[in-house]
Each structure stands twice: as C-alpha cells, then as structure tokens.
$ cat entry09.pdb   # PDB, C-alpha atoms
MODEL        1
ATOM      1  CA  MET A   4      13.634 -45.594  40.123  1.00  0.00           C
ATOM      2  CA  ILE A   5      11.660 -48.455  41.708  1.00  0.00           C
ATOM      3  CA  ARG A   6       8.408 -46.659  40.847  1.00  0.00           C
ATOM      4  CA  TYR A   7       9.527 -46.347  37.205  1.00  0.00           C
ATOM      5  CA  ILE A   8      10.443 -50.042  36.979  1.00  0.00           C
ATOM      6  CA  LYS A   9       7.065 -51.029  38.429  1.00  0.00           C
ATOM      7  CA  TYR A  10       5.311 -48.862  35.863  1.00  0.00           C
ATOM      8  CA  ILE A  11       7.213 -50.493  32.982  1.00  0.00           C
ATOM      9  CA  LEU A  12       6.160 -53.898  34.322  1.00  0.00           C
ATOM     10  CA  LEU A  13       2.540 -52.730  34.480  1.00  0.00           C
ATOM     11  CA  LEU A  14       2.695 -51.666  30.841  1.00  0.00           C
ATOM     12  CA  ALA A  15       4.141 -55.028  29.857  1.00  0.00           C
ATOM     13  CA  VAL A  16       1.414 -56.903  31.719  1.00  0.00           C
ATOM     14  CA  ALA A  17      -1.286 -54.736  30.156  1.00  0.00           C
ATOM     15  CA  TYR A  18       0.163 -55.310  26.690  1.00  0.00           C
ATOM     16  CA  ILE A  19       0.209 -59.084  27.153  1.00  0.00           C
ATOM     17  CA  CYS A  20      -3.351 -59.095  28.538  1.00  0.00           C
ATOM     18  CA  ALA A  21      -4.631 -57.285  25.460  1.00  0.00           C
ATOM     19  CA  MET A  22      -3.472 -59.660  22.720  1.00  0.00           C
ATOM     20  CA  CYS A  23      -5.998 -59.556  19.899  1.00  0.00           C
ATOM     21  CA  GLU A  24      -6.666 -60.089  16.188  1.00  0.00           C
ATOM     22  CA  SER A  25      -5.434 -57.413  13.790  1.00  0.00           C
ATOM     23  CA  LYS A  26      -6.706 -56.230  10.415  1.00  0.00           C
ATOM     24  CA  MET A  27      -4.890 -56.036   7.089  1.00  0.00           C
ATOM     25  CA  TYR A  28      -4.475 -53.013   4.832  1.00  0.00           C
ATOM     26  CA  ASP A  29      -6.270 -52.910   1.485  1.00  0.00           C
ATOM     27  CA  PRO A  30      -4.080 -51.044  -1.054  1.00  0.00           C
ATOM     28  CA  ASN A  31      -7.172 -50.247  -3.137  1.00  0.00           C
ATOM     29  CA  THR A  32      -8.519 -47.917  -0.440  1.00  0.00           C
ATOM     30  CA  ASP A  33      -7.190 -44.808   1.257  1.00  0.00           C
ATOM     31  CA  ILE A  34      -7.278 -46.032   4.831  1.00  0.00           C
ATOM     32  CA  GLY A  35      -7.500 -49.814   4.791  1.00  0.00           C
ATOM     33  CA  SER A  36     -10.150 -52.349   5.633  1.00  0.00           C
ATOM     34  CA  PRO A  37     -10.371 -55.703   7.443  1.00  0.00           C
ATOM     35  CA  ILE A  38      -9.436 -58.545   5.100  1.00  0.00           C
ATOM     36  CA  SER A  39      -8.016 -61.442   7.082  1.00  0.00           C
ATOM     37  CA  PRO A  40      -7.098 -61.705  10.743  1.00  0.00           C
ATOM     38  CA  GLY A  41      -3.684 -62.384  12.202  1.00  0.00           C
ATOM     39  CA  LEU A  42      -2.463 -62.550  15.784  1.00  0.00           C
ATOM     40  CA  SER A  43      -0.940 -59.267  16.963  1.00  0.00           C
ATOM     41  CA  GLY A  44      -0.373 -57.359  20.156  1.00  0.00           C
ATOM     42  CA  LYS A  45      -2.833 -54.709  21.256  1.00  0.00           C
ATOM     43  CA  GLY A  46      -0.876 -51.898  22.888  1.00  0.00           C
ATOM     44  CA  GLY A  47      -1.591 -48.487  24.290  1.00  0.00           C
ATOM     45  CA  SER A  48      -1.069 -45.145  22.586  1.00  0.00           C
ATOM     46  CA  MET A  49       2.055 -44.348  24.638  1.00  0.00           C
ATOM     47  CA  ALA A  50       3.835 -47.543  23.595  1.00  0.00           C
ATOM     48  CA  ARG A  51       7.259 -47.412  21.960  1.00  0.00           C
ATOM     49  CA  PHE A  52       6.836 -50.855  20.424  1.00  0.00           C
ATOM     50  CA  THR A  53       4.130 -52.849  18.687  1.00  0.00           C
ATOM     51  CA  ILE A  54       3.637 -56.328  17.198  1.00  0.00           C
ATOM     52  CA  SER A  55       1.913 -57.042  13.906  1.00  0.00           C
ATOM     53  CA  ASP A  56       1.859 -60.334  12.004  1.00  0.00           C
ATOM     54  CA  SER A  57       4.906 -61.796  13.769  1.00  0.00           C
ATOM     55  CA  ILE A  58       6.884 -58.587  13.283  1.00  0.00           C
ATOM     56  CA  LEU A  59       8.049 -56.434  16.200  1.00  0.00           C
ATOM     57  CA  TYR A  60       8.534 -52.684  15.657  1.00  0.00           C
ATOM     58  CA  VAL A  61      10.608 -50.840  18.263  1.00  0.00           C
ATOM     59  CA  LEU A  62      11.325 -47.100  18.559  1.00  0.00           C
ATOM     60  CA  ARG A  63      14.806 -46.231  19.811  1.00  0.00           C
ATOM     61  CA  ASP A  64      16.776 -42.994  19.472  1.00  0.00           C
ATOM     62  CA  GLY A  65      14.910 -41.865  16.373  1.00  0.00           C
ATOM     63  CA  ASP A  66      15.174 -45.271  14.683  1.00  0.00           C
ATOM     64  CA  VAL A  67      12.514 -47.875  13.977  1.00  0.00           C
ATOM     65  CA  ILE A  68      14.039 -51.312  14.499  1.00  0.00           C
ATOM     66  CA  VAL A  69      12.147 -54.160  12.847  1.00  0.00           C
ATOM     67  CA  TYR A  70      12.448 -57.724  14.174  1.00  0.00           C
ATOM     68  CA  ASP A  71      11.145 -61.018  12.837  1.00  0.00           C
ATOM     69  CA  ILE A  72       9.686 -62.815  15.883  1.00  0.00           C
ATOM     70  CA  ALA A  73       7.990 -65.716  14.076  1.00  0.00           C
ATOM     71  CA  ASN A  74      10.407 -68.022  15.899  1.00  0.00           C
ATOM     72  CA  PRO A  75      10.585 -66.901  19.549  1.00  0.00           C
ATOM     73  CA  ASN A  76      13.806 -68.887  19.955  1.00  0.00           C
ATOM     74  CA  GLU A  77      15.495 -66.951  17.182  1.00  0.00           C
ATOM     75  CA  ILE A  78      14.439 -63.292  17.066  1.00  0.00           C
ATOM     76  CA  VAL A  79      16.135 -61.620  14.101  1.00  0.00           C
ATOM     77  CA  GLU A  80      16.680 -57.924  13.456  1.00  0.00           C
ATOM     78  CA  LYS A  81      15.654 -57.348   9.819  1.00  0.00           C
ATOM     79  CA  THR A  82      15.877 -53.592   9.219  1.00  0.00           C
ATOM     80  CA  ARG A  83      16.681 -50.367  11.036  1.00  0.00           C
ATOM     81  CA  GLU A  84      15.388 -47.097   9.641  1.00  0.00           C
ATOM     82  CA  SER A  85      16.038 -43.546  10.862  1.00  0.00           C
ATOM     83  CA  ILE A  86      12.821 -41.535  10.875  1.00  0.00           C
ATOM     84  CA  ASN A  87      12.888 -38.656  13.346  1.00  0.00           C
ATOM     85  CA  TRP A  88      14.825 -38.115  16.580  1.00  0.00           C
ATOM     86  CA  GLY A  89      11.704 -36.801  18.320  1.00  0.00           C
ATOM     87  CA  MET A  90       9.615 -39.945  17.724  1.00  0.00           C
ATOM     88  CA  GLU A  91       7.983 -40.984  20.999  1.00  0.00           C
ATOM     89  CA  THR A  92       5.055 -43.337  20.363  1.00  0.00           C
ATOM     90  CA  ILE A  93       3.883 -45.900  17.822  1.00  0.00           C
ATOM     91  CA  PHE A  94       0.318 -47.007  17.044  1.00  0.00           C
ATOM     92  CA  PRO A  95      -0.639 -49.631  14.415  1.00  0.00           C
ATOM     93  CA  TYR A  96      -3.773 -49.639  12.252  1.00  0.00           C
ATOM     94  CA  ASP A  97      -4.051 -52.270   9.528  1.00  0.00           C
ATOM     95  CA  SER A  98      -0.710 -52.015   7.690  1.00  0.00           C
ATOM     96  CA  LEU A  99      -0.246 -48.396   8.747  1.00  0.00           C
ATOM     97  CA  LEU A 100       1.940 -47.172  11.598  1.00  0.00           C
ATOM     98  CA  PHE A 101       1.206 -43.843  13.289  1.00  0.00           C
ATOM     99  CA  PHE A 102       4.180 -42.253  15.036  1.00  0.00           C
ATOM    100  CA  GLY A 103       3.710 -39.493  17.590  1.00  0.00           C
ATOM    101  CA  SER A 104       6.614 -37.075  17.877  1.00  0.00           C
ATOM    102  CA  GLN A 105       7.438 -33.805  19.606  1.00  0.00           C
ATOM    103  CA  SER A 106       6.652 -31.926  16.400  1.00  0.00           C
ATOM    104  CA  GLY A 107       3.812 -33.893  14.824  1.00  0.00           C
ATOM    105  CA  MET A 108       2.236 -37.159  13.751  1.00  0.00           C
ATOM    106  CA  TYR A 109       3.873 -39.260  11.014  1.00  0.00           C
ATOM    107  CA  VAL A 110       2.162 -42.033   9.046  1.00  0.00           C
ATOM    108  CA  TYR A 111       4.035 -44.907   7.389  1.00  0.00           C
ATOM    109  CA  LYS A 112       2.891 -47.998   5.548  1.00  0.00           C
ATOM    110  CA  LYS A 113       4.406 -51.403   6.298  1.00  0.00           C
ATOM    111  CA  GLU A 114       6.028 -53.001   3.257  1.00  0.00           C
ATOM    112  CA  GLY A 115       7.317 -56.351   4.427  1.00  0.00           C
ATOM    113  CA  TYR A 116      10.113 -55.460   6.837  1.00  0.00           C
ATOM    114  CA  ASN A 117      10.423 -51.955   5.389  1.00  0.00           C
ATOM    115  CA  LEU A 118       8.475 -48.740   5.931  1.00  0.00           C
ATOM    116  CA  GLU A 119       7.089 -46.394   3.291  1.00  0.00           C
ATOM    117  CA  TYR A 120       6.441 -42.756   4.233  1.00  0.00           C
ATOM    118  CA  ILE A 121       2.806 -41.730   3.629  1.00  0.00           C
ATOM    119  CA  THR A 122       2.129 -38.352   5.243  1.00  0.00           C
ATOM    120  CA  GLU A 123       2.552 -36.179   8.339  1.00  0.00           C
ATOM    121  CA  TYR A 124       0.676 -33.652  10.460  1.00  0.00           C
ATOM    122  CA  GLN A 125       2.729 -30.899  12.102  1.00  0.00           C
ATOM    123  CA  HIS A 126       1.904 -29.063  15.338  1.00  0.00           C
ATOM    124  CA  ILE A 127       3.548 -26.886  17.990  1.00  0.00           C
ATOM    125  CA  THR A 128       6.408 -28.536  19.911  1.00  0.00           C
ATOM    126  CA  SER A 129       4.744 -30.823  22.438  1.00  0.00           C
ATOM    127  CA  CYS A 130       4.809 -34.413  23.690  1.00  0.00           C
ATOM    128  CA  ASP A 131       2.078 -36.409  22.025  1.00  0.00           C
ATOM    129  CA  PRO A 132       0.654 -39.858  21.255  1.00  0.00           C
ATOM    130  CA  ALA A 133      -1.728 -40.552  18.335  1.00  0.00           C
ATOM    131  CA  VAL A 134      -4.488 -43.087  17.602  1.00  0.00           C
ATOM    132  CA  PHE A 135      -6.649 -43.673  14.537  1.00  0.00           C
ATOM    133  CA  ASP A 136     -10.195 -44.990  14.028  1.00  0.00           C
ATOM    134  CA  GLY A 137     -10.148 -45.359  10.240  1.00  0.00           C
ATOM    135  CA  THR A 138     -11.504 -41.865   9.557  1.00  0.00           C
ATOM    136  CA  TYR A 139     -10.035 -39.523  12.150  1.00  0.00           C
ATOM    137  CA  ALA A 140      -6.747 -39.444  14.029  1.00  0.00           C
ATOM    138  CA  TYR A 141      -6.765 -38.221  17.615  1.00  0.00           C
ATOM    139  CA  VAL A 142      -3.643 -36.600  19.053  1.00  0.00           C
ATOM    140  CA  THR A 143      -3.080 -35.349  22.602  1.00  0.00           C
ATOM    141  CA  LEU A 144      -0.545 -32.600  23.213  1.00  0.00           C
ATOM    142  CA  ASN A 145       0.855 -31.928  26.679  1.00  0.00           C
ATOM    143  CA  ASP A 146       3.588 -29.804  28.229  1.00  0.00           C
ATOM    144  CA  ASP A 147       4.394 -31.887  31.321  1.00  0.00           C
ATOM    145  CA  MET A 148       7.913 -32.889  30.316  1.00  0.00           C
ATOM    146  CA  TRP A 149      10.736 -30.340  30.233  1.00  0.00           C
ATOM    147  CA  ILE A 150      11.419 -31.115  26.598  1.00  0.00           C
ATOM    148  CA  CYS A 151       7.816 -30.150  25.780  1.00  0.00           C
ATOM    149  CA  ASN A 152       7.677 -26.962  27.830  1.00  0.00           C
ATOM    150  CA  ARG A 153       6.832 -24.903  24.759  1.00  0.00           C
ATOM    151  CA  GLY A 154       3.763 -27.028  24.237  1.00  0.00           C
ATOM    152  CA  VAL A 155       0.089 -26.804  25.008  1.00  0.00           C
ATOM    153  CA  ASN A 156      -2.510 -29.086  26.579  1.00  0.00           C
ATOM    154  CA  GLU A 157      -4.933 -29.980  23.810  1.00  0.00           C
ATOM    155  CA  LEU A 158      -6.705 -32.750  21.942  1.00  0.00           C
ATOM    156  CA  HIS A 159      -6.485 -32.479  18.149  1.00  0.00           C
ATOM    157  CA  VAL A 160      -8.979 -34.284  15.910  1.00  0.00           C
ATOM    158  CA  ILE A 161      -7.506 -34.751  12.422  1.00  0.00           C
ATOM    159  CA  ASP A 162      -9.531 -35.631   9.335  1.00  0.00           C
ATOM    160  CA  MET A 163      -7.723 -38.538   7.616  1.00  0.00           C
ATOM    161  CA  GLN A 164     -10.393 -39.537   5.082  1.00  0.00           C
ATOM    162  CA  THR A 165      -7.778 -38.823   2.437  1.00  0.00           C
ATOM    163  CA  ILE A 166      -4.825 -40.490   4.122  1.00  0.00           C
ATOM    164  CA  THR A 167      -2.246 -38.416   2.229  1.00  0.00           C
ATOM    165  CA  ASN A 168      -3.872 -35.107   3.153  1.00  0.00           C
ATOM    166  CA  PRO A 169      -4.496 -34.818   6.916  1.00  0.00           C
ATOM    167  CA  LYS A 170      -6.558 -31.788   7.983  1.00  0.00           C
ATOM    168  CA  LEU A 171      -7.163 -30.429  11.463  1.00  0.00           C
ATOM    169  CA  GLU A 172     -10.889 -30.839  12.143  1.00  0.00           C
ATOM    170  CA  LYS A 173     -11.231 -29.684  15.761  1.00  0.00           C
ATOM    171  CA  THR A 174      -9.135 -28.653  18.781  1.00  0.00           C
ATOM    172  CA  TYR A 175     -10.201 -29.216  22.384  1.00  0.00           C
ATOM    173  CA  THR A 176      -8.555 -27.644  25.435  1.00  0.00           C
ATOM    174  CA  MET A 177      -7.353 -30.197  27.987  1.00  0.00           C
ATOM    175  CA  GLU A 178      -5.678 -30.005  31.391  1.00  0.00           C
ATOM    176  CA  SER A 179      -2.742 -32.408  30.959  1.00  0.00           C
ATOM    177  CA  PRO A 180      -3.623 -35.181  28.476  1.00  0.00           C
ATOM    178  CA  LYS A 181      -1.549 -38.324  28.042  1.00  0.00           C
ATOM    179  CA  GLY A 182      -2.642 -41.624  26.497  1.00  0.00           C
ATOM    180  CA  LEU A 183      -5.867 -42.162  24.592  1.00  0.00           C
ATOM    181  CA  GLY A 184      -7.816 -44.830  22.745  1.00  0.00           C
ATOM    182  CA  VAL A 185     -10.841 -45.334  20.498  1.00  0.00           C
ATOM    183  CA  ASP A 186     -13.394 -48.074  19.988  1.00  0.00           C
ATOM    184  CA  GLY A 187     -16.559 -47.516  17.987  1.00  0.00           C
ATOM    185  CA  ASP A 188     -18.030 -44.134  18.957  1.00  0.00           C
ATOM    186  CA  LEU A 189     -16.170 -44.071  22.262  1.00  0.00           C
ATOM    187  CA  LEU A 190     -13.042 -42.000  22.877  1.00  0.00           C
ATOM    188  CA  PHE A 191     -10.981 -42.600  26.031  1.00  0.00           C
ATOM    189  CA  VAL A 192      -8.561 -39.891  27.165  1.00  0.00           C
ATOM    190  CA  CYS A 193      -6.217 -39.860  30.170  1.00  0.00           C
ATOM    191  CA  ASP A 194      -6.311 -36.207  31.240  1.00  0.00           C
ATOM    192  CA  ASN A 195      -4.852 -34.804  34.451  1.00  0.00           C
ATOM    193  CA  ASN A 196      -4.619 -38.297  36.009  1.00  0.00           C
ATOM    194  CA  THR A 197      -8.308 -38.929  35.233  1.00  0.00           C
ATOM    195  CA  LEU A 198      -9.879 -41.273  32.683  1.00  0.00           C
ATOM    196  CA  ARG A 199     -12.385 -39.269  30.636  1.00  0.00           C
ATOM    197  CA  VAL A 200     -14.816 -41.116  28.374  1.00  0.00           C
ATOM    198  CA  TYR A 201     -16.389 -39.281  25.429  1.00  0.00           C
ATOM    199  CA  ASP A 202     -19.025 -39.994  22.813  1.00  0.00           C
ATOM    200  CA  LYS A 203     -17.294 -39.038  19.549  1.00  0.00           C
ATOM    201  CA  THR A 204     -20.266 -39.570  17.240  1.00  0.00           C
ATOM    202  CA  ASN A 205     -19.875 -35.890  16.344  1.00  0.00           C
ATOM    203  CA  VAL A 206     -16.151 -35.138  16.495  1.00  0.00           C
ATOM    204  CA  ASN A 207     -16.891 -31.414  16.418  1.00  0.00           C
ATOM    205  CA  SER A 208     -18.903 -31.672  19.637  1.00  0.00           C
ATOM    206  CA  LEU A 209     -17.533 -34.387  21.914  1.00  0.00           C
ATOM    207  CA  GLU A 210     -19.903 -35.412  24.713  1.00  0.00           C
ATOM    208  CA  LEU A 211     -18.333 -36.250  28.062  1.00  0.00           C
ATOM    209  CA  LEU A 212     -19.917 -39.465  29.362  1.00  0.00           C
ATOM    210  CA  ALA A 213     -17.896 -40.300  32.459  1.00  0.00           C
ATOM    211  CA  ASN A 214     -14.846 -39.535  34.623  1.00  0.00           C
ATOM    212  CA  PHE A 215     -12.843 -42.098  36.639  1.00  0.00           C
ATOM    213  CA  ASP A 216      -9.985 -41.301  39.012  1.00  0.00           C
ATOM    214  CA  GLU A 217      -9.309 -44.585  40.863  1.00  0.00           C
ATOM    215  CA  ILE A 218      -5.680 -44.529  39.686  1.00  0.00           C
ATOM    216  CA  GLU A 219      -3.383 -41.920  38.110  1.00  0.00           C
ATOM    217  CA  ALA A 220      -4.519 -42.490  34.519  1.00  0.00           C
ATOM    218  CA  TYR A 221      -1.650 -42.594  32.020  1.00  0.00           C
ATOM    219  CA  ASP A 222      -2.612 -44.831  29.099  1.00  0.00           C
ATOM    220  CA  VAL A 223      -5.470 -47.039  27.912  1.00  0.00           C
ATOM    221  CA  ILE A 224      -5.939 -50.197  25.857  1.00  0.00           C
ATOM    222  CA  PRO A 225      -9.567 -50.577  24.679  1.00  0.00           C
ATOM    223  CA  TYR A 226     -10.645 -53.753  22.938  1.00  0.00           C
ATOM    224  CA  ASN A 227     -13.835 -55.754  22.548  1.00  0.00           C
ATOM    225  CA  ASN A 228     -15.805 -53.982  25.294  1.00  0.00           C
ATOM    226  CA  TYR A 229     -12.985 -54.123  27.828  1.00  0.00           C
ATOM    227  CA  LEU A 230     -10.591 -51.324  28.733  1.00  0.00           C
ATOM    228  CA  ILE A 231      -7.255 -51.702  30.498  1.00  0.00           C
ATOM    229  CA  LEU A 232      -6.097 -48.481  32.161  1.00  0.00           C
ATOM    230  CA  THR A 233      -2.457 -48.180  33.250  1.00  0.00           C
ATOM    231  CA  GLY A 234      -1.094 -45.644  35.692  1.00  0.00           C
ATOM    232  CA  MET A 235       1.882 -44.962  37.917  1.00  0.00           C
ATOM    233  CA  ASN A 236       0.068 -46.560  40.859  1.00  0.00           C
ATOM    234  CA  GLY A 237      -1.717 -49.513  39.296  1.00  0.00           C
ATOM    235  CA  ILE A 238      -3.948 -51.057  36.648  1.00  0.00           C
ATOM    236  CA  SER A 239      -7.734 -50.804  36.359  1.00  0.00           C
ATOM    237  CA  GLN A 240     -10.064 -52.787  34.117  1.00  0.00           C
ATOM    238  CA  TYR A 241     -13.389 -51.460  32.871  1.00  0.00           C
ATOM    239  CA  SER A 242     -16.227 -53.036  30.927  1.00  0.00           C
ATOM    240  CA  TYR A 243     -18.045 -50.890  28.385  1.00  0.00           C
ATOM    241  CA  ASN A 244     -20.832 -51.214  25.850  1.00  0.00           C
ATOM    242  CA  LYS A 245     -20.394 -49.506  22.488  1.00  0.00           C
ATOM    243  CA  GLN A 246     -24.101 -49.644  21.724  1.00  0.00           C
ATOM    244  CA  THR A 247     -25.417 -48.140  24.963  1.00  0.00           C
ATOM    245  CA  LYS A 248     -22.215 -46.108  25.476  1.00  0.00           C
ATOM    246  CA  THR A 249     -21.963 -47.055  29.111  1.00  0.00           C
ATOM    247  CA  ILE A 250     -18.854 -47.965  31.094  1.00  0.00           C
ATOM    248  CA  GLN A 251     -18.205 -49.275  34.587  1.00  0.00           C
ATOM    249  CA  LEU A 252     -15.218 -50.163  36.726  1.00  0.00           C
ATOM    250  CA  ALA A 253     -14.585 -53.914  36.967  1.00  0.00           C
ATOM    251  CA  SER A 254     -11.381 -54.182  39.026  1.00  0.00           C
ATOM    252  CA  THR A 255      -8.298 -52.316  40.221  1.00  0.00           C
ATOM    253  CA  ILE A 256      -4.830 -53.482  41.236  1.00  0.00           C
ATOM    254  CA  LEU A 257      -2.875 -50.863  43.179  1.00  0.00           C
ATOM    255  CA  VAL A 258       0.897 -50.877  43.628  1.00  0.00           C
ATOM    256  CA  SER A 259       3.140 -48.963  45.990  1.00  0.00           C
ATOM    257  CA  ASN A 260       4.741 -45.759  44.682  1.00  0.00           C
ATOM    258  CA  GLN A 261       7.803 -46.252  46.842  1.00  0.00           C
TER     259      GLN A 261
ENDMDL
END
$ encode --input "entry09.pdb" --output "structure tokens"
Amino acid sequence: MIRYIKYILLLAVAYICAMCESKMYDPNTDIGSPISPGLSGKGGSMARFTISDSILYVLRDGDVIVYDIANPNEIVEKTRESINWGMETIFPYDSLLFFGSQSGMYVYKKEGYNLEYITEYQHITSCDPAVFDGTYAYVTLNDDMWICNRGVNELHVIDMQTITNPKLEKTYTMESPKGLGVDGDLLFVCDNNTLRVYDKTNVNSLELLANFDEIEAYDVIPYNNYLILTGMNGISQYSYNKQTKTIQLASTILVSNQ
C-alpha cells in the first residue's frame, strides 16, 4: 500500500512539473490546429485526469466529471457524463479528448463543459492508454492486469487523418507495454519496465533508437525536448533533440519500494 501511495505522489509531481501551453481545436479541420495558447496541464498517457483551459476532467467509475477550476478557492463541479465503465485513461489534444478503455479508444470533442462523441476504435479486451500526434493515434495493449487477461501485448498505430473514420495502420508485437508519448517524429513507449525510444517517421517501420532501464518504466510525459519518466521506483528526466533524434539521461530520483 505504501508503494502504491508513493507512486501516486510521483505521478502528481510529474504532472505538476510538466505544466505547458495547450492548443485549441479548429472546427474547420478534421483534427484541429494551434490557434491560441492557454495554460493547461501536461499529463501522461496513463492519467485518469487532465486540465485544459481552467477545466478539470476526471475519470471515475465510467463517468467523466467536469470541474471549473478557474477559481482555485471555489472548484465547482459542472457536469457528469456516463461514457463507458471500462474507461481507464484520458489524453487531451486541442479540444479533443482520447479515452483508453478495456475494449477500445473513444474520441470526444469538448463543448464548453459538455462532451460530444466523435468516434471510436475497437480492439480485443485489453488494458490500454492512447495518445495522438495530429495524424495517428498510438495505443498500447497489455494483459498484465487480471481484468485484461484475455488481452495481448501490442502497439497499434491508427490512422486518424479523417477523425471520424479511424483505421488500423500497423500492429507491433510488444512484451508488456504501458504508457507512451509522442513529440515530433519521436515515439516513447514503456515496455516491460524499459523506456524504448522510436523514430516514427515511417509508422509502418518504426526504428528503435534507444533503450533505458534505470527505473521500472510505467508512463512518460514528453514536452519541449524534455521527458519525464515515472515508475514504481522513481522518476527519471531525459533531454532529447527532435531534429537529431538523440536522447540522454539527465537525472534520476529513486524511492524505496517498501
């Protein structure tokens, strides 16, 4: 139990450390484009909550609970919407929210404090997070948890160029993938407690660039040439260059597993 509490604290610290500017959704395009910045939280792919434009979205028991947090002294619950009991993760992109569930990936558009269903991608029963780079969605499937024991260990690359018509582009066999992240042509995947870094210039032929196993890799938060890696036994920070596609370890904080 102590180990679990420490891990939750590590996630919270990583989330706070990765505060960044967000982008807004352009309704005249399929997938959105940067229009004007606003302060939002930059979270990992395994997160069950996210912040966008002073709005907090929280997953709980199949519901998405939406809070207005513009005034930190008076946080107000605005809406509560039932989506799917198996929802596990939430990832924001512009005004879109990508939900990873045991049965697939669901995409919703933010409409004020409400959510509008856009599309979904179904797969075999498995635990999965999802991220999006504006063209492709990347979904990891794993069978570590008992509830996902009918699953597989794979990375799915999904063509989302037409946001309402997701198509499976490529499947990669993995060992036990968890969290993942994208930035430019770099794809970061936590697989079998190892951080694996890929060049995704050609999504049909990912090129493995590096492996790191300083901590038990669970989730990543990449932003602006820095990567925060969270695990059950600590946090690591890496610096990377999207142009040269190089990455190196900058620091590690280990915690006791007791």
$ closest_residue --input "entry09.pdb" --among "A:Glu84, A:Asp71, A:Asp194, A:Glu123" --to "Leu144 in chain A" --atoms "only C-alpha atoms"
A:Asp194
$ closest_residue --input "entry09.pdb" --among "A:Asp97, A:Glu178, A:Leu183, A:His159" --to "Asp147 in chain A" --atoms "all atoms listed in the file"
A:Glu178
$ residues_around --input "entry09.pdb" --residues "Val69 in chain A" --least-positions-apart "5" --cutoff "12 Å" --atoms "only C-alpha atoms" --output "list in words"
Phe52, Thr53, Ile54, Ser55, Ser57, Ile58, Leu59, Tyr60, Val61, Leu62, Arg63, Ile78, Val79, Glu80, Lys81, Thr82, Arg83, Glu84, Ser85, Lys113, Glu114, Gly115, Tyr116, Asn117 and Leu118 of chain A
$ closest_residue --input "entry09.pdb" --among "A:Ile68, A:Val160, A:Ile250, A:Val134" --to "Tyr229 in chain A" --atoms "only C-alpha atoms"
A:Ile250
$ residues_around --input "entry09.pdb" --residues "Met163 in chain A" --least-positions-apart "6" --cutoff "12 Å" --atoms "all atoms listed in the file" --output "compact mmCIF listing (two decimals) with C-alpha atoms, in the coordinates of the input"
# COMPACT_ATOMS: atom_id res chain seq x y z
CA ASP A 33 -7.19 -44.81 1.26
CA ILE A 34 -7.28 -46.03 4.83
CA GLY A 35 -7.50 -49.81 4.79
CA PHE A 101 1.21 -43.84 13.29
CA MET A 108 2.24 -37.16 13.75
CA VAL A 110 2.16 -42.03 9.05
CA ILE A 121 2.81 -41.73 3.63
CA THR A 122 2.13 -38.35 5.24
CA GLU A 123 2.55 -36.18 8.34
CA TYR A 124 0.68 -33.65 10.46
CA VAL A 134 -4.49 -43.09 17.60
CA PHE A 135 -6.65 -43.67 14.54
CA ASP A 136 -10.20 -44.99 14.03
CA GLY A 137 -10.15 -45.36 10.24
CA THR A 138 -11.50 -41.86 9.56
CA TYR A 139 -10.04 -39.52 12.15
CA ALA A 140 -6.75 -39.44 14.03
CA TYR A 141 -6.76 -38.22 17.61
CA PRO A 169 -4.50 -34.82 6.92
CA LYS A 170 -6.56 -31.79 7.98
CA LEU A 171 -7.16 -30.43 11.46
CA GLU A 172 -10.89 -30.84 12.14
$ atom_distance --input "entry09.pdb" --atom1 "CA of Asp56 in chain A" --atom2 "CA of Tyr70 in chain A"
11.1 Å
$ atom_distance --input "entry09.pdb" --atom1 "CA of Thr167 in chain A" --atom2 "CA of Val142 in chain A"
17.0 Å
$ atom_distance --input "entry09.pdb" --atom1 "CA of Glu119 in chain A" --atom2 "CA of Leu99 in chain A"
9.4 Å
